[in-house]
>>> print(open('target.cif').read())   # mmCIF, C-alpha atoms
data_final
loop_
_atom_site.label_atom_id
_atom_site.label_comp_id
_atom_site.auth_asym_id
_atom_site.auth_seq_id
_atom_site.Cartn_x
_atom_site.Cartn_y
_atom_site.Cartn_z
CA MET A 1440 1.74 6.06 23.18
CA LYS A 1441 1.72 2.28 23.46
CA LEU A 1442 -0.65 0.41 21.19
CA SER A 1443 -2.17 -1.22 24.27
CA GLN A 1444 -3.23 2.29 25.35
CA VAL A 1445 -4.73 2.88 21.91
CA ARG A 1446 -6.73 -0.32 22.39
CA ASP A 1447 -7.91 0.78 25.84
CA LEU A 1448 -8.84 4.33 24.79
CA LEU A 1449 -10.85 3.09 21.81
CA GLU A 1450 -12.25 0.09 23.75
CA ALA A 1451 -11.11 -1.88 20.76
CA VAL A 1452 -11.16 -5.62 20.13
CA VAL A 1453 -7.79 -7.02 19.07
CA LEU A 1454 -8.13 -9.43 16.15
CA SER A 1455 -4.50 -10.14 15.32
CA GLY A 1456 -0.92 -9.12 16.10
CA GLU A 1457 -1.20 -9.02 19.92
CA SER A 1458 2.60 -9.06 20.11
CA HIS A 1459 2.64 -5.44 18.87
CA LEU A 1460 0.59 -4.14 21.82
CA ASP A 1461 3.76 -3.16 23.69
CA ASP A 1462 5.06 -1.20 20.67
CA GLU A 1463 5.10 2.58 20.75
CA VAL A 1464 3.21 4.53 18.11
CA GLN A 1465 4.03 8.15 17.27
CA SER A 1466 1.18 9.29 15.06
CA GLY A 1467 -2.06 8.38 13.35
CA PHE A 1468 -3.50 8.60 9.84
CA GLY A 1469 -7.27 8.36 9.37
CA CYS A 1470 -8.40 7.69 5.84
CA ASP A 1471 -10.57 5.51 3.61
CA LEU A 1472 -8.54 6.31 0.52
CA MET A 1473 -5.70 3.81 0.27
CA SER A 1474 -4.10 5.83 -2.55
CA ASP A 1475 -3.54 8.64 -0.04
CA VAL A 1476 -2.21 6.26 2.60
CA LEU A 1477 0.39 5.08 0.08
CA CYS A 1478 1.28 8.69 -0.77
CA PHE A 1479 1.23 10.43 2.56
CA ALA A 1480 1.20 8.16 5.60
CA ARG A 1481 4.33 7.66 7.67
CA GLU A 1482 5.47 4.21 8.62
CA ASP A 1483 5.38 4.93 12.35
CA ALA A 1484 1.68 5.81 12.16
CA ILE A 1485 -1.35 3.70 12.93
CA LEU A 1486 -3.94 3.52 10.18
CA LEU A 1487 -7.55 4.22 11.14
CA THR A 1488 -10.08 3.39 8.44
CA GLY A 1489 -13.66 2.41 7.79
CA LEU A 1490 -12.72 0.61 4.61
CA VAL A 1491 -12.54 -3.15 5.04
CA ASN A 1492 -10.95 -5.22 2.30
CA LYS A 1493 -7.75 -7.12 1.62
CA GLN A 1494 -6.18 -4.13 -0.08
CA VAL A 1495 -6.21 -2.25 3.24
CA LEU A 1496 -3.92 -4.94 4.66
CA ASN A 1497 -1.73 -4.85 1.55
CA THR A 1498 -1.53 -1.06 1.74
CA ALA A 1499 -0.48 -1.02 5.40
CA ASP A 1500 1.98 -3.86 4.81
CA MET A 1501 3.63 -2.23 1.79
CA ALA A 1502 3.86 1.10 3.62
CA ASN A 1503 5.56 -0.67 6.58
CA MET A 1504 2.69 0.31 8.90
CA ASN A 1505 2.06 -2.50 11.33
CA SER A 1506 -1.20 -1.50 12.98
CA ILE A 1507 -4.69 -0.96 11.60
CA ILE A 1508 -7.85 0.06 13.42
CA PHE A 1509 -11.18 -0.54 11.75
CA VAL A 1510 -13.72 2.02 12.93
CA ARG A 1511 -17.56 2.04 13.29
CA ASN A 1512 -17.62 -1.61 14.35
CA LYS A 1513 -16.34 -2.78 10.97
CA MET A 1514 -15.12 -6.36 11.19
CA PRO A 1515 -12.72 -7.97 8.74
CA SER A 1516 -13.49 -11.44 7.39
CA GLN A 1517 -11.84 -14.54 8.83
CA GLU A 1518 -9.74 -14.68 5.67
CA MET A 1519 -8.51 -11.13 6.29
CA ILE A 1520 -7.72 -11.91 9.92
CA ALA A 1521 -5.71 -14.95 8.83
CA MET A 1522 -3.88 -12.78 6.30
CA ALA A 1523 -3.12 -10.17 8.99
CA LYS A 1524 -1.79 -12.87 11.33
CA GLU A 1525 0.43 -14.27 8.60
CA ARG A 1526 1.90 -10.81 8.05
CA ASN A 1527 2.14 -10.03 11.76
CA LEU A 1528 -0.09 -6.95 11.47
CA LEU A 1529 -1.93 -5.66 14.54
CA VAL A 1530 -5.62 -5.36 13.64
CA MET A 1531 -8.25 -3.93 15.97
CA SER A 1532 -11.89 -2.96 15.65
CA THR A 1533 -13.57 -0.12 17.57
CA LYS A 1534 -17.17 0.95 17.97
CA TYR A 1535 -16.24 4.62 17.53
CA ILE A 1536 -16.62 6.38 14.18
CA LEU A 1537 -13.49 7.65 12.42
CA PHE A 1538 -13.95 11.22 13.69
CA GLU A 1539 -14.37 10.15 17.31
CA SER A 1540 -11.54 7.61 17.13
CA CYS A 1541 -9.11 10.21 15.83
CA GLY A 1542 -10.36 12.78 18.36
CA ILE A 1543 -9.94 10.43 21.31
CA LEU A 1544 -6.39 9.53 20.31
CA TYR A 1545 -5.45 13.14 19.47
CA SER A 1546 -6.76 14.50 22.74
CA ASN A 1547 -4.67 11.89 24.54
CA GLY A 1548 -1.46 13.00 22.84
CA LEU A 1549 -1.21 11.10 19.58
CA LYS A 1550 -0.29 13.41 16.72
CA GLY A 1551 -1.31 13.39 13.09
CA ALA A 1552 1.07 11.75 10.65
CA HIS A 1553 2.36 14.83 8.85
CA LEU A 1554 2.52 14.92 5.11
CA ARG A 1555 6.02 14.51 3.79
CA MET B 104 22.13 -8.48 -12.82
CA SER B 105 22.58 -11.06 -10.15
CA TYR B 106 18.93 -11.83 -9.43
CA GLU B 107 15.65 -11.56 -11.30
CA LEU B 108 12.04 -12.32 -10.35
CA ILE B 109 9.00 -12.19 -12.64
CA PHE B 110 5.34 -12.06 -11.54
CA ASP B 111 2.25 -12.19 -13.73
CA VAL B 112 -0.67 -9.93 -12.78
CA LYS B 113 -4.19 -10.49 -14.12
CA ARG B 114 -6.69 -7.82 -14.99
CA GLY B 115 -9.52 -7.38 -12.48
CA ASP B 116 -8.25 -9.96 -10.01
CA PHE B 117 -8.46 -7.97 -6.79
CA GLU B 118 -8.42 -11.13 -4.66
CA THR B 119 -4.79 -11.82 -5.52
CA ALA B 120 -3.63 -8.27 -6.36
CA GLY B 121 -0.89 -7.39 -3.91
CA GLU B 122 0.65 -10.85 -3.75
CA ALA B 123 3.47 -10.01 -6.17
CA SER B 124 4.39 -6.91 -4.16
CA ARG B 125 4.27 -8.94 -0.99
CA LYS B 126 6.70 -11.48 -2.47
CA ILE B 127 8.98 -8.70 -3.69
CA LYS B 128 9.03 -7.16 -0.21
CA HIS B 129 9.77 -10.54 1.34
CA THR B 130 12.60 -11.19 -1.12
CA LEU B 131 14.20 -7.81 -0.42
CA GLN B 132 13.94 -8.43 3.33
CA GLN B 133 15.73 -11.75 2.89
CA LEU B 134 18.44 -10.02 0.85
CA GLY B 135 19.06 -7.62 3.75
CA ILE B 136 18.05 -4.46 1.87
CA SER B 137 17.38 -1.50 4.20
CA ASN B 138 13.81 -0.89 5.39
CA LYS B 139 13.79 2.58 3.86
CA ILE B 140 14.48 1.25 0.37
CA ILE B 141 12.17 -1.73 0.84
CA ARG B 142 9.34 0.68 1.66
CA LYS B 143 9.95 2.71 -1.51
CA VAL B 144 10.13 -0.38 -3.73
CA SER B 145 7.11 -1.97 -2.03
CA ILE B 146 4.93 1.12 -2.41
CA ALA B 147 5.96 1.71 -6.03
CA GLY B 148 5.56 -1.98 -6.85
CA TYR B 149 2.15 -2.20 -5.19
CA GLU B 150 0.91 0.94 -6.98
CA GLY B 151 2.11 -0.66 -10.22
CA GLU B 152 0.49 -3.98 -9.39
CA MET B 153 -2.85 -2.31 -8.63
CA ASN B 154 -2.57 -0.35 -11.86
CA LEU B 155 -2.10 -3.61 -13.77
CA ALA B 156 -5.16 -5.14 -12.08
CA ILE B 157 -7.26 -2.00 -12.54
CA HIS B 158 -6.30 -0.65 -15.95
CA SER B 159 -4.35 -3.18 -18.02
CA SER B 160 -5.32 -6.21 -20.04
CA GLY B 161 -2.80 -8.10 -17.92
CA GLY B 162 0.90 -7.74 -17.41
CA LYS B 163 3.94 -8.54 -15.40
CA ILE B 164 6.23 -7.15 -12.75
CA ILE B 165 9.94 -7.82 -13.05
CA LEU B 166 12.37 -7.22 -10.20
CA GLU B 167 16.07 -7.16 -11.03
CA VAL B 168 18.46 -7.02 -8.12
CA GLY B 169 21.90 -5.64 -8.85
CA GLU B 170 24.76 -4.69 -6.58
CA LYS B 171 24.11 -0.96 -6.77
CA GLU B 172 20.49 -0.72 -7.81
CA LEU B 173 17.13 -2.45 -7.93
CA ILE B 174 15.16 -2.22 -11.15
CA LEU B 175 11.40 -2.67 -11.06
CA THR B 176 9.68 -3.00 -14.42
CA ILE B 177 5.88 -2.91 -14.75
CA GLU B 178 4.86 -4.00 -18.20
CA ASP B 179 1.45 -4.70 -19.70
CA VAL B 180 -0.06 -5.87 -22.97
CA GLY B 181 -2.49 -3.00 -23.38
CA PRO B 182 -4.58 -1.02 -23.85
CA GLY B 183 -1.99 1.78 -23.59
CA ILE B 184 -2.33 5.29 -22.19
CA GLN B 185 -3.74 8.00 -24.46
CA ASP B 186 -2.10 11.01 -22.83
CA LEU B 187 0.90 10.33 -20.59
CA ASN B 188 1.11 13.91 -19.29
CA LEU B 189 -2.49 13.69 -18.13
CA ALA B 190 -1.92 10.24 -16.60
CA MET B 191 1.02 11.62 -14.61
CA THR B 192 -1.12 14.45 -13.21
CA GLU B 193 -2.07 13.99 -9.55
CA GLY B 194 -5.81 13.47 -9.20
CA TRP B 195 -6.47 12.40 -12.77
CA SER B 196 -7.84 8.87 -13.16
CA THR B 197 -10.02 6.79 -15.46
CA ALA B 198 -10.79 4.22 -12.73
CA GLY B 199 -14.43 3.24 -12.22
CA ASP B 200 -16.62 3.17 -9.13
CA GLU B 201 -15.72 -0.40 -8.15
CA VAL B 202 -12.06 0.54 -7.93
CA ARG B 203 -12.78 3.75 -6.04
CA GLN B 204 -14.89 1.85 -3.51
CA MET B 205 -11.80 -0.28 -2.86
CA GLY B 206 -9.88 2.85 -1.87
CA PHE B 207 -8.02 3.30 -5.14
CA GLY B 208 -8.40 5.21 -8.39
CA ALA B 209 -7.55 8.61 -6.91
CA GLY B 210 -5.11 9.40 -9.67
CA MET B 211 -2.12 9.23 -7.34
CA GLY B 212 -0.54 5.95 -8.45
CA LEU B 213 1.81 7.02 -11.23
CA PRO B 214 2.98 10.23 -9.49
CA ASN B 215 3.57 8.24 -6.30
CA MET B 216 5.61 5.64 -8.17
CA LYS B 217 7.73 8.44 -9.62
CA ASN B 218 8.16 10.04 -6.18
CA ASN B 219 9.40 6.82 -4.63
CA ALA B 220 11.82 5.81 -7.40
CA ASP B 221 15.25 7.34 -7.96
CA ASP B 222 14.65 7.09 -11.67
CA PHE B 223 11.32 6.65 -13.45
CA GLU B 224 10.59 6.14 -17.12
CA ILE B 225 7.23 5.46 -18.72
CA THR B 226 6.46 4.66 -22.32
CA SER B 227 3.09 3.74 -23.75
CA LYS B 228 1.53 2.99 -27.10
CA ILE B 229 -2.19 2.62 -27.72
CA GLY B 230 -3.03 -0.94 -28.74
CA GLU B 231 0.35 -2.25 -27.59
CA GLY B 232 0.82 -1.44 -23.93
CA THR B 233 2.61 0.49 -21.24
CA LYS B 234 6.06 -0.04 -19.77
CA ILE B 235 7.37 1.58 -16.61
CA VAL B 236 10.97 1.16 -15.53
CA MET B 237 11.91 2.33 -12.04
CA LYS B 238 15.37 2.30 -10.54
CA PHE B 239 16.18 2.41 -6.84
CA LEU B 240 19.72 3.01 -5.62
CA VAL B 241 20.78 0.53 -2.96
#
>>> encode(input="target.cif", output="structure tokens")
Amino acid sequence: MKLSQVRDLLEAVVLSGESHLDDEVQSGFGCDLMSDVLCFAREDAILLTGLVNKQVLNTADMANMNSIIFVRNKMPSQEMIAMAKERNLLVMSTKYILFESCGILYSNGLKGAHLR
Amino acid sequence: MSYELIFDVKRGDFETAGEASRKIKHTLQQLGISNKIIRKVSIAGYEGEMNLAIHSSGGKIILEVGEKELILTIEDVGPGIQDLNLAMTEGWSTAGDEVRQMGFGAGMGLPNMKNNADDFEITSKIGEGTKIVMKFLV
């Protein structure tokens, strides 16, 4: 699935990293616990989370994940958006809650990022 | 060793925590290290950096780049870990609510560092500090 399709399905607002919208994504990982993202998430997965702080960007960046979707209308600060732009991370925000966001993407073919 | 970088990490500074790991990742990218190894070093380094900010009285991260291996040392000046076996157990953590609200403190950091490194050694002494040495084959 292209990330532009993820944006459309979730009616998401793109806040940074528009150049990644043509990239393909294989799987998703929905989680508010960054410790688990660092342990279990695959690098070809998008990260869906309701947690909004700088460490979410650091976590995705260190795990080589280049796209993050903030759920339940959570909006990162301007400072976070600037940080995401600097690191070329795709950041979006959707009105859907985490459960619905994951469900919409899953029912359209995106798989879960399996544990290693 | 042909290359060495040292970063200081302050206790409780979650505004800047992550910057050392970011610089380490950037350095390894510039050196042409493979993405797979960069990911392992970045994750282990970031877990270590967060541990320094969360648990230590301050410390440093040292990256040594050799021809055959990368060595990442996480070293602090205290307070030391009481029971290393317990600290290495998945799910065990002494982190407080503030840290957990940030998405950390799940007791996965040390085991995850060990999982990502090809070699992992930890030593700790109460009142003196903790030292972790991780090696990654290039």
>>> closest_atom_pairs(input="target.cif", of="chain A", to="chain B", cutoff="12 Å", atoms="all atoms listed in the file", output="tab-separated table")
residue	atom	partner	partner_atom	distance
A:Cys1470	CA	B:Gly206	CA	9.2
A:Asp1471	CA	B:Gly206	CA	6.1
A:Leu1472	CA	B:Gly206	CA	4.4
A:Met1473	CA	B:Gly206	CA	4.8
A:Ser1474	CA	B:Phe207	CA	5.3
A:Asp1475	CA	B:Met211	CA	7.5
A:Val1476	CA	B:Gly206	CA	9.5
A:Leu1477	CA	B:Ile146	CA	6.5
A:Cys1478	CA	B:Asn215	CA	6.0
A:Phe1479	CA	B:Asn215	CA	9.4
A:Ala1480	CA	B:Ile146	CA	11.3
A:Arg1481	CA	B:Arg142	CA	10.5
A:Glu1482	CA	B:Arg142	CA	8.7
A:Thr1488	CA	B:Gly206	CA	10.3
A:Gly1489	CA	B:Gly206	CA	10.4
A:Leu1490	CA	B:Gly206	CA	7.4
A:Val1491	CA	B:Met205	CA	8.4
A:Asn1492	CA	B:Met205	CA	7.2
A:Lys1493	CA	B:Glu118	CA	7.5
A:Gln1494	CA	B:Gly121	CA	7.3
A:Val1495	CA	B:Gly206	CA	8.1
A:Leu1496	CA	B:Gly121	CA	9.4
A:Asn1497	CA	B:Gly121	CA	6.1
A:Thr1498	CA	B:Tyr149	CA	7.9
A:Ala1499	CA	B:Ile146	CA	9.7
A:Asp1500	CA	B:Arg125	CA	8.0
A:Met1501	CA	B:Ser145	CA	5.2
A:Ala1502	CA	B:Arg142	CA	5.8
A:Asn1503	CA	B:Arg142	CA	6.3
A:Met1504	CA	B:Arg142	CA	9.8
A:Glu1518	CA	B:Glu118	CA	11.0
A:Met1519	CA	B:Glu118	CA	11.0
A:Met1522	CA	B:Glu122	CA	11.2
A:Glu1525	CA	B:Arg125	CA	11.6
A:Arg1526	CA	B:Arg125	CA	9.5
A:Arg1555	CA	B:Asn218	CA	11.1
>>> resolve_selection(input="target.cif", expression="the PyMOL selection byres ((chain A and resi 1543) around 12)", output="list in words")
Gln1444, Val1445, Arg1446, Asp1447, Leu1448, Leu1449, Glu1450, Gly1467, Thr1533, Tyr1535, Ile1536, Leu1537, Phe1538, Glu1539, Ser1540, Cys1541, Gly1542, Leu1544, Tyr1545, Ser1546, Asn1547, Gly1548, Leu1549 and Lys1550 of chain A
>>> closest_residue(input="target.cif", among="B:Leu134, B:Val241, B:Ala123, B:Val112", to="Asp179 of chain B", atoms="all atoms listed in the file")
B:Val112
>>> resolve_selection(input="target.cif", expression="the PyMOL selection byres ((chain B and resi 223) around 12)", output="list in words")
Ala147, Ile174, Leu175, Thr176, Ile177, Met191, Leu213, Pro214, Asn215, Met216, Lys217, Asn218, Asn219, Ala220, Asp221, Asp222, Glu224, Ile225, Thr226, Lys234, Ile235, Val236, Met237, Lys238 and Phe239 of chain B
>>> resolve_selection(input="target.cif", expression="the PyMOL selection byres ((chain A and resi 1454) around 6)", output="PyMOL selection string")
chain A and resi 1453+1455+1530-1531
>>> atom_distance(input="target.cif", atom1="atom CA of Gly232 of chain B", atom2="atom CA of Val180 of chain B")
4.6 Å
>>> closest_residue(input="target.cif", among="A:Met1514, A:Gln1465, A:Phe1509, A:Gly1456", to="Leu1486 of chain A", atoms="only C-alpha atoms")
A:Phe1509
>>> atom_distance(input="target.cif", atom1="atom CA of Gly199 of chain B", atom2="atom CA of Lys126 of chain B")
27.5 Å
>>> residues_around(input="target.cif", residues="Gly181 of chain B", least_positions_apart="5", cutoff="6 Å", atoms="all atoms listed in the file", output="PyMOL selection string")
chain B and resi 159-160+230-232
>>> write_last_selection(input="target.cif", atoms="C-alpha atoms", output="PDB file, in the coordinates of the input")
ATOM      1  CA  SER B 159      -4.350  -3.180 -18.020  1.00  0.00           C
ATOM      2  CA  SER B 160      -5.320  -6.210 -20.040  1.00  0.00           C
ATOM      3  CA  GLY B 230      -3.030  -0.940 -28.740  1.00  0.00           C
ATOM      4  CA  GLU B 231       0.350  -2.250 -27.590  1.00  0.00           C
ATOM      5  CA  GLY B 232       0.820  -1.440 -23.930  1.00  0.00           C
TER       6      GLY B 232
END
>>> axis_aligned_box(input="target.cif", around="segment 175-178 of chain B", padding_each_side="8 Å", output="lines of an AutoDock Vina configuration file")
center_x = 8.1
center_y = -3.3
center_z = -14.6
size_x = 22.5
size_y = 17.3
size_z = 23.1
>>> atom_distance(input="target.cif", atom1="atom CA of Arg1511 of chain A", atom2="atom CA of Ser1458 of chain A")
24.0 Å
>>> residues_near_point(input="target.cif", point="(3.1, -1.3, 20.1)", cutoff="10 Å", atoms="only C-alpha atoms", output="PyMOL selection string")
chain A and resi 1440-1445+1456-1465+1485+1505-1506+1529
>>> closest_residue(input="target.cif", among="B:Glu107, B:Glu178, B:Asp200, B:Glu193", to="Ile164 of chain B", atoms="all atoms listed in the file")
B:Glu178
>>> build_atoms(input="target.cif", residues="segment 1505-1528 of chain A", atoms="N, CA and C atoms", output="short mmCIF file (atom, residue, chain, number, x, y, z; two decimals), in the coordinates of the input")
data_model
loop_
_atom_site.label_atom_id
_atom_site.label_comp_id
_atom_site.auth_asym_id
_atom_site.auth_seq_id
_atom_site.Cartn_x
_atom_site.Cartn_y
_atom_site.Cartn_z
N ASN A 1505 2.40 -1.17 10.81
CA ASN A 1505 2.06 -2.50 11.33
C ASN A 1505 0.80 -2.54 12.19
N SER A 1506 0.04 -1.43 12.20
CA SER A 1506 -1.20 -1.50 12.98
C SER A 1506 -2.35 -0.79 12.28
N ILE A 1507 -3.49 -1.47 12.28
CA ILE A 1507 -4.69 -0.96 11.60
C ILE A 1507 -5.86 -1.01 12.57
N ILE A 1508 -6.63 0.07 12.60
CA ILE A 1508 -7.85 0.06 13.42
C ILE A 1508 -9.05 0.28 12.52
N PHE A 1509 -9.94 -0.69 12.50
CA PHE A 1509 -11.18 -0.54 11.75
C PHE A 1509 -12.20 0.14 12.65
N VAL A 1510 -12.79 1.22 12.12
CA VAL A 1510 -13.72 2.02 12.93
C VAL A 1510 -15.17 1.62 12.66
N ARG A 1511 -16.10 2.25 13.38
CA ARG A 1511 -17.56 2.04 13.29
C ARG A 1511 -17.96 0.55 13.28
N ASN A 1512 -17.30 -0.19 14.18
CA ASN A 1512 -17.62 -1.61 14.35
C ASN A 1512 -17.40 -2.46 13.10
N LYS A 1513 -16.61 -1.99 12.18
CA LYS A 1513 -16.34 -2.78 10.97
C LYS A 1513 -15.48 -3.98 11.36
N MET A 1514 -15.87 -5.15 10.86
CA MET A 1514 -15.12 -6.36 11.19
C MET A 1514 -14.58 -7.00 9.92
N PRO A 1515 -13.29 -7.27 9.89
CA PRO A 1515 -12.72 -7.97 8.74
C PRO A 1515 -13.17 -9.43 8.71
N SER A 1516 -13.12 -10.03 7.54
CA SER A 1516 -13.49 -11.44 7.39
C SER A 1516 -12.44 -12.33 8.06
N GLN A 1517 -12.80 -13.58 8.27
CA GLN A 1517 -11.84 -14.54 8.83
C GLN A 1517 -10.62 -14.66 7.93
N GLU A 1518 -10.85 -14.59 6.63
CA GLU A 1518 -9.74 -14.68 5.67
C GLU A 1518 -8.77 -13.50 5.85
N MET A 1519 -9.36 -12.32 6.07
CA MET A 1519 -8.51 -11.13 6.29
C MET A 1519 -7.74 -11.24 7.60
N ILE A 1520 -8.41 -11.77 8.63
CA ILE A 1520 -7.72 -11.91 9.92
C ILE A 1520 -6.56 -12.89 9.80
N ALA A 1521 -6.78 -13.98 9.05
CA ALA A 1521 -5.71 -14.95 8.83
C ALA A 1521 -4.55 -14.31 8.07
N MET A 1522 -4.90 -13.48 7.09
CA MET A 1522 -3.88 -12.78 6.30
C MET A 1522 -3.08 -11.81 7.19
N ALA A 1523 -3.79 -11.11 8.08
CA ALA A 1523 -3.12 -10.17 8.99
C ALA A 1523 -2.19 -10.92 9.95
N LYS A 1524 -2.63 -12.07 10.42
CA LYS A 1524 -1.79 -12.87 11.33
C LYS A 1524 -0.53 -13.33 10.63
N GLU A 1525 -0.71 -13.78 9.39
CA GLU A 1525 0.43 -14.27 8.60
C GLU A 1525 1.47 -13.16 8.42
N ARG A 1526 0.99 -11.94 8.29
CA ARG A 1526 1.90 -10.81 8.05
C ARG A 1526 2.29 -10.08 9.32
N ASN A 1527 1.83 -10.62 10.46
CA ASN A 1527 2.14 -10.03 11.76
C ASN A 1527 1.69 -8.57 11.85
N LEU A 1528 0.48 -8.30 11.37
CA LEU A 1528 -0.09 -6.95 11.47
C LEU A 1528 -1.05 -6.92 12.66
#
